[in-house]
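Chemist: Below is one structure. I have some questions about it.
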There are 2 protein chains.
Amino acid sequence: GFHYTKPGLGLLEWMPAMELGRRVSIKTVGYHPTNPTERSMPSVLATTSLHDTSTGRFLALCEATFLTALRTGAASAVATEILSPPNASTLAMVGCGAQAVSQIHAVSRVRPIDTVLAYDADPDVARSLEARLTVSGLKIELVGAHELESLVAAADVLCTATSVDIGGNPVIPHVDTKPWLHINAVGADFAGKIELPKSLLEDALVCPDVLGQCLIEGESQQLSVDQLGPELADLVKNRSTLEAHRGSLTVFDSTGWALEDLIAAELFLDHAERLGVGMDVELQPLPKDPYDPYEAIKR
Amino acid sequence: GFHYTKPGLGLLEWMPAMELGRRVSIKTVGYHPTNPTERSMPSVLATTSLHDTSTGRFLALCEATFLTALRTGAASAVATEILSPPNASTLAMVGCGAQAVSQIHAVSRVRPIDTVLAYDADPDVARSLEARLTVSGLKIELVGAHELESLVAAADVLCTATSVDIGGNPVIPHVDTKPWLHINAVGADFAGKIELPKSLLEDALVCPDVLGQCLIEGESQQLSVDQLGPELADLVKNRSTLEAHRGSLTVFDSTGWALEDLIAAELFLDHAERLGVGMDVELQPLPKDPYDPYEAIKR
């Protein structure tokens with residue numbers, strides 16, 4: 001993607017995935033951290049297009065800001081289901097922005113969460129979280145910056161999804177955690193942007209979503225390849241690998257996988273078709289003569 | 001991009017460009033060489049999206065099959081204007097498909113073309129070319145495969161835009177050409193796909209559109225870097241470089257430049273806005289609360 005500091009700090013990237021013999025999806029996603037405070041717009045804005053690999057035709061375009069939040073939550077749910085204790089009941093959320101909604105929603109679907117502790121550097125954002133989470137029916141207990149250590153210490157599952165500055169310090173302090181703490185580290189998605197202290201990562205089984213990408217822009221950029229565990233997809237396929245780590249500190253390094261976007265877009269479009277939502281647009285009208293590129297403007 | 005042979009031979013790629021501080025364009029383009037004969041669809045199908053780099057918002061999406069033909073023709077016109085003799089009057093076209101229309105159209109705008117010789121491996125495609133070129137008002141003289149040598153020998157300007165097989169032999173024979181022949185080599189855009197013989201390239205000043213890309217998928221893949229001339233954009237800026245090559249054999253290796261697509265899309269959308277063409281779609285509705293990704297589905 002393109003990273004830039006003009007007109008402001010931002011990132012626009014494309015995430016392509018192919019289902020061989022069938023479709024290609026390309027998600028274009030922007031990350032502009034000052035959007036919420038300066039323009040009342042989400043920091044992450046995305047769209048996904050689908051293309052037919054038989055012909056190259058453009059099939060569909062869908063809004064993917066919602067889908068990005070949804071699939072990022074879903075990935076954390078899969079990681080939590082595999083890596084956290086089955087009776088995990090206390091969820092700690094650091095960063096209460098848009099991603100927090102789907103993180104808490106998704107994790108609460110796979111674990112009997114009864115306590116949610118939450119912190120955000122912006123008290124207004126923290127205060128509005130509960131109203132945005134009516135879907136989960138959960139109460140949120142807010143904590144202040146001075147209580148971050150006890151929030152981390154109390155958690156069975158911790159999700160981090162902040163807009164911490166690039167090149168800044170980790171948001172999470174390295175304190176004594178519950179031995180079985182599982183962390184979904186969602187916020188690191190930019191070279192130099194990290195949320196967890198290196199010392200904590202070194203004590204944990206760190207599972208990247210996409211190894212090569214995590215080494216560049218995830219929490220894994222603080223580690224070397226030999227310090228990393230298997231990718232989450234490998235764990236799902238070979239759960240026996242997990243036995244050695246049962247009840248120990250684990251981190252899911254979630255930077256976002258293009259395959260998640262392909263699946264999210266396909267499911268979404270199937271639902272849209274079934275429900276009659278969306279709009280048919282003649283975007284790529286086919287000429288009667290495939291050899292006449294000017295036919296469209298002659299009509 | 002993705003190259004594949006399942007379900008058939010094809011390519012789907014994305015071509016991003018950024019105007020720093022303003023916009024990003026991403027063209028997604030498919031090349032499926034059996035489209036015209038098997039599905040009566042163009043082999044090249046494309047769309048271009050524009051994104052605002054202040055916020056990451058998706059701004060517009062436009063059909064770019066027409067724009068791709070147009071900008072590829074325009075690039076050849078720039079090369080022809082700079083590299084061919086001012087009185088060039090005989091244009092030879094090899095490959096009479098969709099790209100031939102804009103090649104002949106564009107070249108005839110910058111040179112006093114009065115004779116067009118054309119060849120296509122498919123006689124039906126060759127025969128239909130003149131009817132697709134009413135915009136230029138030019139008559140087309142068709143030649144058969146056995147006359148390819150004399151077509152090349154007669155040309156002041158030669159454009160090649162075929163769907164020759166990947167890994168196949170060059171389409172163009174190396175015969176004695178006019179010393180000042182200028183060639184716009186448009187068809188090579190895939191590793192292993194070439195139209196010109198290596199021996200001819202070695203005798204010519206070869207100007208790539210994008211050096212690194214031409215070495216991978218253009219005619220330049222037959223040469224080493226030190227055998228290549230300057231990029232076309234450098235020639236445009238420093239025309240004095242040209243004096244040494246005045247009246248000699250020249251080749252524009254045109255693989256397609258993402259910047260051309262950015263400019264084509266911006267011009268097209270400006271015209272569309274001015275003419276009231278196109279459709280407003282609420283593709284990325286902004287939530288009232290930038291931190292609530294579920295707002296859209298609550299409405």
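Residues in the structure tokens are named by chain (A, B, ... in the order shown) and by number from 1 within that chain; ligands are numbered from 1 in the order shown.
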Enumerate as a VMD selection string the residues belonging to chain B that approach chain A to within 7 Å, with only C-alpha atoms taken into account.

Modeler: chain B and resid 6 to 8 12 20 to 21 30 to 32 35 to 36 40 to 42 45 54 to 57 63 66 69 97 to 98 132 283 to 284 286 290 to 294

Chemist: What are the DSSP helix (DSSP H, G or I) residues of stretch 198-280 of chain A, as a PDB file with N, CA and C atoms, in the first residue's frame?

Modeler:
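Below you can see selection_14.pdb, which holds the result:
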ATOM      1  N   LYS A 198       7.563  -5.890  24.480  1.00  0.00           N
ATOM      2  CA  LYS A 198       8.352  -6.999  23.938  1.00  0.00           C
ATOM      3  C   LYS A 198       8.536  -8.101  24.980  1.00  0.00           C
ATOM      4  N   SER A 199       8.773  -7.700  26.243  1.00  0.00           N
ATOM      5  CA  SER A 199       9.025  -8.690  27.303  1.00  0.00           C
ATOM      6  C   SER A 199       7.822  -9.620  27.470  1.00  0.00           C
ATOM      7  N   LEU A 200       6.620  -9.087  27.332  1.00  0.00           N
ATOM      8  CA  LEU A 200       5.427  -9.913  27.443  1.00  0.00           C
ATOM      9  C   LEU A 200       5.336 -10.885  26.268  1.00  0.00           C
ATOM     10  N   LEU A 201       5.614 -10.390  25.063  1.00  0.00           N
ATOM     11  CA  LEU A 201       5.578 -11.259  23.881  1.00  0.00           C
ATOM     12  C   LEU A 201       6.576 -12.405  24.020  1.00  0.00           C
ATOM     13  N   GLU A 202       7.728 -12.099  24.604  1.00  0.00           N
ATOM     14  CA  GLU A 202       8.773 -13.133  24.743  1.00  0.00           C
ATOM     15  C   GLU A 202       8.350 -14.244  25.692  1.00  0.00           C
ATOM     16  N   LEU A 211       2.086 -14.813   8.766  1.00  0.00           N
ATOM     17  CA  LEU A 211       3.432 -14.677   9.314  1.00  0.00           C
ATOM     18  C   LEU A 211       4.222 -13.513   8.710  1.00  0.00           C
ATOM     19  N   GLY A 212       4.359 -13.508   7.394  1.00  0.00           N
ATOM     20  CA  GLY A 212       5.195 -12.504   6.741  1.00  0.00           C
ATOM     21  C   GLY A 212       4.705 -11.089   6.998  1.00  0.00           C
ATOM     22  N   GLN A 213       3.397 -10.928   6.989  1.00  0.00           N
ATOM     23  CA  GLN A 213       2.791  -9.618   7.220  1.00  0.00           C
ATOM     24  C   GLN A 213       2.970  -9.180   8.682  1.00  0.00           C
ATOM     25  N   CYS A 214       2.825 -10.120   9.613  1.00  0.00           N
ATOM     26  CA  CYS A 214       2.965  -9.794  11.038  1.00  0.00           C
ATOM     27  C   CYS A 214       4.383  -9.347  11.373  1.00  0.00           C
ATOM     28  N   LEU A 215       5.372  -9.922  10.680  1.00  0.00           N
ATOM     29  CA  LEU A 215       6.761  -9.521  10.934  1.00  0.00           C
ATOM     30  C   LEU A 215       7.006  -8.088  10.494  1.00  0.00           C
ATOM     31  N   ILE A 216       6.190  -7.599   9.567  1.00  0.00           N
ATOM     32  CA  ILE A 216       6.364  -6.230   9.061  1.00  0.00           C
ATOM     33  C   ILE A 216       5.526  -5.227   9.856  1.00  0.00           C
ATOM     34  N   GLU A 217       4.266  -5.587  10.164  1.00  0.00           N
ATOM     35  CA  GLU A 217       3.367  -4.568  10.723  1.00  0.00           C
ATOM     36  C   GLU A 217       2.624  -5.018  11.968  1.00  0.00           C
ATOM     37  N   GLU A 219       2.469  -7.127  15.994  1.00  0.00           N
ATOM     38  CA  GLU A 219       3.290  -7.202  17.209  1.00  0.00           C
ATOM     39  C   GLU A 219       4.561  -8.000  16.940  1.00  0.00           C
ATOM     40  N   SER A 220       4.473  -8.943  16.007  1.00  0.00           N
ATOM     41  CA  SER A 220       5.607  -9.816  15.696  1.00  0.00           C
ATOM     42  C   SER A 220       6.819  -9.055  15.176  1.00  0.00           C
ATOM     43  N   GLN A 221       6.638  -7.798  14.734  1.00  0.00           N
ATOM     44  CA  GLN A 221       7.805  -7.031  14.292  1.00  0.00           C
ATOM     45  C   GLN A 221       8.819  -6.839  15.422  1.00  0.00           C
ATOM     46  N   GLN A 222       8.379  -7.070  16.676  1.00  0.00           N
ATOM     47  CA  GLN A 222       9.315  -6.957  17.807  1.00  0.00           C
ATOM     48  C   GLN A 222      10.099  -8.253  18.025  1.00  0.00           C
ATOM     49  N   VAL A 225      11.642 -14.546  13.675  1.00  0.00           N
ATOM     50  CA  VAL A 225      10.770 -15.640  13.215  1.00  0.00           C
ATOM     51  C   VAL A 225      10.796 -16.820  14.178  1.00  0.00           C
ATOM     52  N   ASP A 226      11.983 -17.150  14.715  1.00  0.00           N
ATOM     53  CA  ASP A 226      12.086 -18.351  15.566  1.00  0.00           C
ATOM     54  C   ASP A 226      11.407 -18.141  16.924  1.00  0.00           C
ATOM     55  N   GLN A 227      11.016 -16.915  17.238  1.00  0.00           N
ATOM     56  CA  GLN A 227      10.286 -16.679  18.497  1.00  0.00           C
ATOM     57  C   GLN A 227       8.769 -16.797  18.308  1.00  0.00           C
ATOM     58  N   LEU A 232      -2.404 -18.989  13.083  1.00  0.00           N
ATOM     59  CA  LEU A 232      -3.685 -19.427  13.658  1.00  0.00           C
ATOM     60  C   LEU A 232      -4.327 -20.541  12.822  1.00  0.00           C
ATOM     61  N   ALA A 233      -4.262 -20.412  11.498  1.00  0.00           N
ATOM     62  CA  ALA A 233      -4.887 -21.425  10.634  1.00  0.00           C
ATOM     63  C   ALA A 233      -4.250 -22.802  10.853  1.00  0.00           C
ATOM     64  N   ASP A 234      -2.949 -22.836  11.080  1.00  0.00           N
ATOM     65  CA  ASP A 234      -2.282 -24.120  11.351  1.00  0.00           C
ATOM     66  C   ASP A 234      -2.763 -24.702  12.671  1.00  0.00           C
ATOM     67  N   LEU A 235      -2.931 -23.834  13.663  1.00  0.00           N
ATOM     68  CA  LEU A 235      -3.424 -24.291  14.969  1.00  0.00           C
ATOM     69  C   LEU A 235      -4.819 -24.892  14.839  1.00  0.00           C
ATOM     70  N   VAL A 236      -5.645 -24.249  14.028  1.00  0.00           N
ATOM     71  CA  VAL A 236      -7.011 -24.740  13.853  1.00  0.00           C
ATOM     72  C   VAL A 236      -6.976 -26.140  13.258  1.00  0.00           C
ATOM     73  N   LYS A 237      -6.047 -26.344  12.326  1.00  0.00           N
ATOM     74  CA  LYS A 237      -5.974 -27.644  11.649  1.00  0.00           C
ATOM     75  C   LYS A 237      -5.282 -28.703  12.520  1.00  0.00           C
ATOM     76  N   ARG A 239      -4.813 -29.143  16.238  1.00  0.00           N
ATOM     77  CA  ARG A 239      -5.028 -28.671  17.608  1.00  0.00           C
ATOM     78  C   ARG A 239      -4.132 -29.394  18.612  1.00  0.00           C
ATOM     79  N   SER A 240      -3.582 -30.535  18.240  1.00  0.00           N
ATOM     80  CA  SER A 240      -2.720 -31.273  19.170  1.00  0.00           C
ATOM     81  C   SER A 240      -1.479 -30.444  19.526  1.00  0.00           C
ATOM     82  N   THR A 241      -1.048 -29.569  18.573  1.00  0.00           N
ATOM     83  CA  THR A 241       0.088 -28.678  18.834  1.00  0.00           C
ATOM     84  C   THR A 241      -0.134 -27.867  20.109  1.00  0.00           C
ATOM     85  N   LEU A 242      -1.421 -27.679  20.443  1.00  0.00           N
ATOM     86  CA  LEU A 242      -1.781 -26.778  21.536  1.00  0.00           C
ATOM     87  C   LEU A 242      -1.521 -27.357  22.919  1.00  0.00           C
ATOM     88  N   GLU A 243      -1.472 -28.663  23.016  1.00  0.00           N
ATOM     89  CA  GLU A 243      -1.433 -29.269  24.347  1.00  0.00           C
ATOM     90  C   GLU A 243      -0.322 -28.679  25.213  1.00  0.00           C
ATOM     91  N   ALA A 244       0.847 -28.481  24.617  1.00  0.00           N
ATOM     92  CA  ALA A 244       1.999 -27.969  25.380  1.00  0.00           C
ATOM     93  C   ALA A 244       1.750 -26.565  25.928  1.00  0.00           C
ATOM     94  N   HIS A 245       0.782 -25.848  25.339  1.00  0.00           N
ATOM     95  CA  HIS A 245       0.568 -24.457  25.739  1.00  0.00           C
ATOM     96  C   HIS A 245      -0.718 -24.251  26.531  1.00  0.00           C
ATOM     97  N   ALA A 258      -6.312 -11.172   3.895  1.00  0.00           N
ATOM     98  CA  ALA A 258      -7.158 -10.927   2.722  1.00  0.00           C
ATOM     99  C   ALA A 258      -8.184 -12.043   2.513  1.00  0.00           C
ATOM    100  N   LEU A 259      -7.849 -13.264   2.904  1.00  0.00           N
ATOM    101  CA  LEU A 259      -8.805 -14.369   2.765  1.00  0.00           C
ATOM    102  C   LEU A 259     -10.063 -14.126   3.614  1.00  0.00           C
ATOM    103  N   GLU A 260      -9.869 -13.513   4.796  1.00  0.00           N
ATOM    104  CA  GLU A 260     -11.025 -13.169   5.636  1.00  0.00           C
ATOM    105  C   GLU A 260     -11.957 -12.211   4.889  1.00  0.00           C
ATOM    106  N   ASP A 261     -11.352 -11.279   4.138  1.00  0.00           N
ATOM    107  CA  ASP A 261     -12.156 -10.290   3.411  1.00  0.00           C
ATOM    108  C   ASP A 261     -12.904 -10.926   2.244  1.00  0.00           C
ATOM    109  N   LEU A 262     -12.244 -11.875   1.571  1.00  0.00           N
ATOM    110  CA  LEU A 262     -12.905 -12.591   0.474  1.00  0.00           C
ATOM    111  C   LEU A 262     -14.140 -13.322   0.996  1.00  0.00           C
ATOM    112  N   ILE A 263     -13.965 -14.035   2.101  1.00  0.00           N
ATOM    113  CA  ILE A 263     -15.077 -14.815   2.646  1.00  0.00           C
ATOM    114  C   ILE A 263     -16.179 -13.886   3.159  1.00  0.00           C
ATOM    115  N   ALA A 264     -15.788 -12.822   3.859  1.00  0.00           N
ATOM    116  CA  ALA A 264     -16.783 -11.871   4.381  1.00  0.00           C
ATOM    117  C   ALA A 264     -17.594 -11.260   3.235  1.00  0.00           C
ATOM    118  N   ALA A 265     -16.914 -10.873   2.162  1.00  0.00           N
ATOM    119  CA  ALA A 265     -17.616 -10.239   1.039  1.00  0.00           C
ATOM    120  C   ALA A 265     -18.553 -11.242   0.357  1.00  0.00           C
ATOM    121  N   GLU A 266     -18.112 -12.477   0.193  1.00  0.00           N
ATOM    122  CA  GLU A 266     -18.964 -13.468  -0.471  1.00  0.00           C
ATOM    123  C   GLU A 266     -20.206 -13.781   0.363  1.00  0.00           C
ATOM    124  N   LEU A 267     -20.013 -13.940   1.675  1.00  0.00           N
ATOM    125  CA  LEU A 267     -21.164 -14.189   2.550  1.00  0.00           C
ATOM    126  C   LEU A 267     -22.123 -12.999   2.509  1.00  0.00           C
ATOM    127  N   PHE A 268     -21.557 -11.810   2.590  1.00  0.00           N
ATOM    128  CA  PHE A 268     -22.352 -10.591   2.613  1.00  0.00           C
ATOM    129  C   PHE A 268     -23.179 -10.461   1.334  1.00  0.00           C
ATOM    130  N   LEU A 269     -22.550 -10.736   0.191  1.00  0.00           N
ATOM    131  CA  LEU A 269     -23.253 -10.604  -1.081  1.00  0.00           C
ATOM    132  C   LEU A 269     -24.314 -11.682  -1.245  1.00  0.00           C
ATOM    133  N   ASP A 270     -24.038 -12.884  -0.731  1.00  0.00           N
ATOM    134  CA  ASP A 270     -25.066 -13.934  -0.744  1.00  0.00           C
ATOM    135  C   ASP A 270     -26.287 -13.472   0.050  1.00  0.00           C
ATOM    136  N   HIS A 271     -26.045 -12.914   1.244  1.00  0.00           N
ATOM    137  CA  HIS A 271     -27.158 -12.408   2.058  1.00  0.00           C
ATOM    138  C   HIS A 271     -27.871 -11.254   1.346  1.00  0.00           C
ATOM    139  N   ALA A 272     -27.090 -10.352   0.765  1.00  0.00           N
ATOM    140  CA  ALA A 272     -27.685  -9.191   0.090  1.00  0.00           C
ATOM    141  C   ALA A 272     -28.598  -9.637  -1.045  1.00  0.00           C
ATOM    142  N   GLU A 273     -28.138 -10.637  -1.799  1.00  0.00           N
ATOM    143  CA  GLU A 273     -28.932 -11.154  -2.915  1.00  0.00           C
ATOM    144  C   GLU A 273     -30.233 -11.783  -2.390  1.00  0.00           C
ATOM    145  N   ARG A 274     -30.087 -12.580  -1.353  1.00  0.00           N
ATOM    146  CA  ARG A 274     -31.229 -13.279  -0.774  1.00  0.00           C
ATOM    147  C   ARG A 274     -32.255 -12.288  -0.227  1.00  0.00           C
ATOM    148  N   LEU A 275     -31.751 -11.196   0.367  1.00  0.00           N
ATOM    149  CA  LEU A 275     -32.636 -10.223   1.014  1.00  0.00           C
ATOM    150  C   LEU A 275     -33.056  -9.092   0.082  1.00  0.00           C
TER     151      LEU A 275
END

Chemist: Compile the contact shell of stretch 137-147 of chain B as a short mmCIF file (atom, residue, chain, number, x, y, z; two decimals) with N, CA, C and O atoms, in the first residue's frame: residues with an atom at most 7 Å away, counting only C-alpha atoms, same-chain residues fewer than 2 positions apart removed.

Modeler:
data_model
loop_
_atom_site.label_atom_id
_atom_site.label_comp_id
_atom_site.auth_asym_id
_atom_site.auth_seq_id
_atom_site.Cartn_x
_atom_site.Cartn_y
_atom_site.Cartn_z
N VAL B 116 -2.92 2.92 -44.26
CA VAL B 116 -2.88 1.99 -43.13
C VAL B 116 -2.89 0.57 -43.67
O VAL B 116 -3.82 0.16 -44.36
N LEU B 117 -1.83 -0.17 -43.37
CA LEU B 117 -1.75 -1.59 -43.73
C LEU B 117 -2.01 -2.38 -42.47
O LEU B 117 -1.46 -2.05 -41.41
N ALA B 118 -2.85 -3.42 -42.57
CA ALA B 118 -3.20 -4.13 -41.34
C ALA B 118 -3.22 -5.64 -41.56
O ALA B 118 -3.62 -6.13 -42.63
N TYR B 119 -2.83 -6.34 -40.52
CA TYR B 119 -2.82 -7.81 -40.54
C TYR B 119 -3.37 -8.36 -39.23
O TYR B 119 -3.07 -7.84 -38.16
N ALA B 126 -9.68 -8.91 -38.93
CA ALA B 126 -9.04 -7.94 -39.82
C ALA B 126 -10.09 -7.21 -40.66
O ALA B 126 -10.08 -5.98 -40.77
N GLU B 130 -12.00 -1.73 -40.33
CA GLU B 130 -12.33 -0.42 -40.93
C GLU B 130 -13.65 0.13 -40.38
O GLU B 130 -13.77 1.32 -40.10
N LEU B 133 -13.33 1.79 -37.21
CA LEU B 133 -12.46 2.96 -37.22
C LEU B 133 -13.08 4.16 -37.91
O LEU B 133 -12.36 5.02 -38.41
N THR B 134 -14.41 4.19 -37.97
CA THR B 134 -15.05 5.32 -38.66
C THR B 134 -14.61 6.65 -38.05
O THR B 134 -14.58 7.67 -38.73
N VAL B 135 -14.24 6.64 -36.77
CA VAL B 135 -13.80 7.86 -36.09
C VAL B 135 -12.61 8.49 -36.81
O VAL B 135 -12.44 9.71 -36.80
N GLU B 149 6.09 -9.53 -44.26
CA GLU B 149 7.42 -8.94 -44.47
C GLU B 149 7.33 -7.61 -45.22
O GLU B 149 7.98 -6.64 -44.85
N SER B 150 6.50 -7.58 -46.25
CA SER B 150 6.41 -6.32 -47.03
C SER B 150 5.64 -5.26 -46.23
O SER B 150 5.91 -4.06 -46.37
N LEU B 151 4.70 -5.69 -45.38
CA LEU B 151 4.02 -4.73 -44.50
C LEU B 151 5.03 -4.05 -43.58
O LEU B 151 5.05 -2.82 -43.45
#

Chemist: Would you please extract all strand (DSSP E) residues from stretch 47-201 of chain B, as assigned by DSSP on the backbone, and give them as JSON, numbers by chain?

Modeler: {"B": [47, 48, 49, 50, 51, 52, 58, 59, 60, 61, 62, 63, 90, 91, 92, 93, 94, 115, 116, 117, 118, 119, 140, 141, 142, 157, 158, 159, 160, 182, 183, 184, 185]}

Chemist: Generate the output file for the selected residues, N, CA and C atoms, as a compact mmCIF listing (two decimals), in the first residue's frame.

Modeler:
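Result went into result-v4.txt, see below:
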# COMPACT_ATOMS: atom_id res chain seq x y z
N THR B 47 -11.58 -1.78 -14.61
CA THR B 47 -12.30 -0.74 -13.86
C THR B 47 -11.27 0.02 -13.04
N THR B 48 -11.54 1.29 -12.81
CA THR B 48 -10.63 2.10 -12.00
C THR B 48 -11.40 2.74 -10.85
N SER B 49 -10.83 2.65 -9.65
CA SER B 49 -11.43 3.32 -8.49
C SER B 49 -10.52 4.47 -8.06
N LEU B 50 -11.15 5.50 -7.50
CA LEU B 50 -10.40 6.65 -6.98
C LEU B 50 -10.68 6.77 -5.49
N HIS B 51 -9.64 7.09 -4.73
CA HIS B 51 -9.72 7.16 -3.27
C HIS B 51 -9.07 8.46 -2.80
N ASP B 52 -9.70 9.07 -1.81
CA ASP B 52 -9.22 10.33 -1.25
C ASP B 52 -8.18 10.05 -0.16
N PHE B 58 -13.67 6.11 -0.43
CA PHE B 58 -13.86 5.67 -1.80
C PHE B 58 -14.61 6.79 -2.51
N LEU B 59 -14.06 7.32 -3.60
CA LEU B 59 -14.68 8.46 -4.27
C LEU B 59 -15.51 8.05 -5.48
N ALA B 60 -14.95 7.19 -6.30
CA ALA B 60 -15.62 6.88 -7.57
C ALA B 60 -15.08 5.60 -8.17
N LEU B 61 -15.92 5.01 -8.98
CA LEU B 61 -15.54 3.80 -9.70
C LEU B 61 -15.96 4.00 -11.14
N CYS B 62 -15.07 3.73 -12.07
CA CYS B 62 -15.48 3.88 -13.47
C CYS B 62 -15.00 2.72 -14.33
N GLU B 63 -15.81 2.41 -15.31
CA GLU B 63 -15.45 1.43 -16.33
C GLU B 63 -14.15 1.91 -16.96
N THR B 90 2.83 6.20 -43.63
CA THR B 90 2.36 4.81 -43.72
C THR B 90 2.41 4.15 -42.35
N LEU B 91 1.23 3.76 -41.88
CA LEU B 91 1.11 3.10 -40.58
C LEU B 91 0.78 1.63 -40.81
N ALA B 92 1.57 0.74 -40.20
CA ALA B 92 1.25 -0.69 -40.28
C ALA B 92 0.75 -1.15 -38.93
N MET B 93 -0.35 -1.92 -38.96
CA MET B 93 -0.97 -2.40 -37.72
C MET B 93 -0.96 -3.92 -37.74
N VAL B 94 -0.35 -4.52 -36.74
CA VAL B 94 -0.36 -5.98 -36.65
C VAL B 94 -1.14 -6.37 -35.40
N THR B 115 -1.93 6.05 -45.35
CA THR B 115 -2.00 4.63 -45.71
C THR B 115 -1.93 3.78 -44.44
N VAL B 116 -2.92 2.92 -44.26
CA VAL B 116 -2.88 1.99 -43.13
C VAL B 116 -2.89 0.57 -43.67
N LEU B 117 -1.83 -0.17 -43.37
CA LEU B 117 -1.75 -1.59 -43.73
C LEU B 117 -2.01 -2.38 -42.47
N ALA B 118 -2.85 -3.42 -42.57
CA ALA B 118 -3.20 -4.13 -41.34
C ALA B 118 -3.22 -5.64 -41.56
N TYR B 119 -2.83 -6.34 -40.52
CA TYR B 119 -2.82 -7.81 -40.54
C TYR B 119 -3.37 -8.36 -39.23
N ILE B 140 -8.48 1.04 -44.69
CA ILE B 140 -7.52 0.05 -44.21
C ILE B 140 -7.21 -0.93 -45.35
N GLU B 141 -5.93 -1.13 -45.65
CA GLU B 141 -5.54 -2.15 -46.63
C GLU B 141 -5.09 -3.39 -45.87
N LEU B 142 -5.85 -4.47 -46.06
CA LEU B 142 -5.52 -5.71 -45.34
C LEU B 142 -4.46 -6.51 -46.09
N VAL B 157 5.57 3.88 -39.43
CA VAL B 157 5.22 3.59 -38.03
C VAL B 157 4.54 2.23 -38.02
N LEU B 158 4.92 1.40 -37.05
CA LEU B 158 4.32 0.06 -36.91
C LEU B 158 3.79 -0.07 -35.49
N CYS B 159 2.53 -0.50 -35.35
CA CYS B 159 1.98 -0.80 -34.02
C CYS B 159 1.69 -2.30 -33.95
N THR B 160 2.09 -2.93 -32.87
CA THR B 160 1.79 -4.35 -32.66
C THR B 160 0.91 -4.49 -31.43
N HIS B 182 9.52 3.63 -36.67
CA HIS B 182 9.22 3.67 -35.23
C HIS B 182 8.15 2.63 -34.93
N ILE B 183 8.38 1.82 -33.89
CA ILE B 183 7.44 0.76 -33.52
C ILE B 183 6.83 1.04 -32.15
N ASN B 184 5.51 1.01 -32.07
CA ASN B 184 4.83 0.99 -30.77
C ASN B 184 4.47 -0.46 -30.47
N ALA B 185 5.20 -1.07 -29.53
CA ALA B 185 5.00 -2.48 -29.21
C ALA B 185 4.09 -2.56 -27.99

Chemist: Got a sec: who's within 7 Å of B:Gly192, counting only C-alpha atoms, leaving out chain neighbours fewer than 2 positions off, as a VMD selection string?

Modeler: chain B and resid 166 to 167 190 194

Chemist: Create the file for the chosen residues now, containing C-alpha atoms and written as a compact mmCIF listing (two decimals), in the first residue's frame.

Modeler:
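Saved result, selection_20.txt, follows:
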# COMPACT_ATOMS: atom_id res chain seq x y z
CA ILE B 166 2.80 -16.90 -24.24
CA GLY B 167 6.09 -18.64 -24.99
CA PHE B 190 2.80 -10.89 -19.77
CA ILE B 194 6.61 -11.12 -27.03

Chemist: As an exercise, work out the distance from atom CA of A:Met15 to atom CA of A:Ser254 in Å and give it to one decimal place.

Modeler: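 Going from atom CA of A:Met15 over to atom CA of A:Ser254, I get 14.7 Å.
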
Chemist: Between atom CA of A:Lys178 and atom CA of A:Gly247, what is the spacing in Å?

Modeler: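 Straight-line distance from atom CA of A:Gly247 to atom CA of A:Lys178 works out to 9.3 Å.
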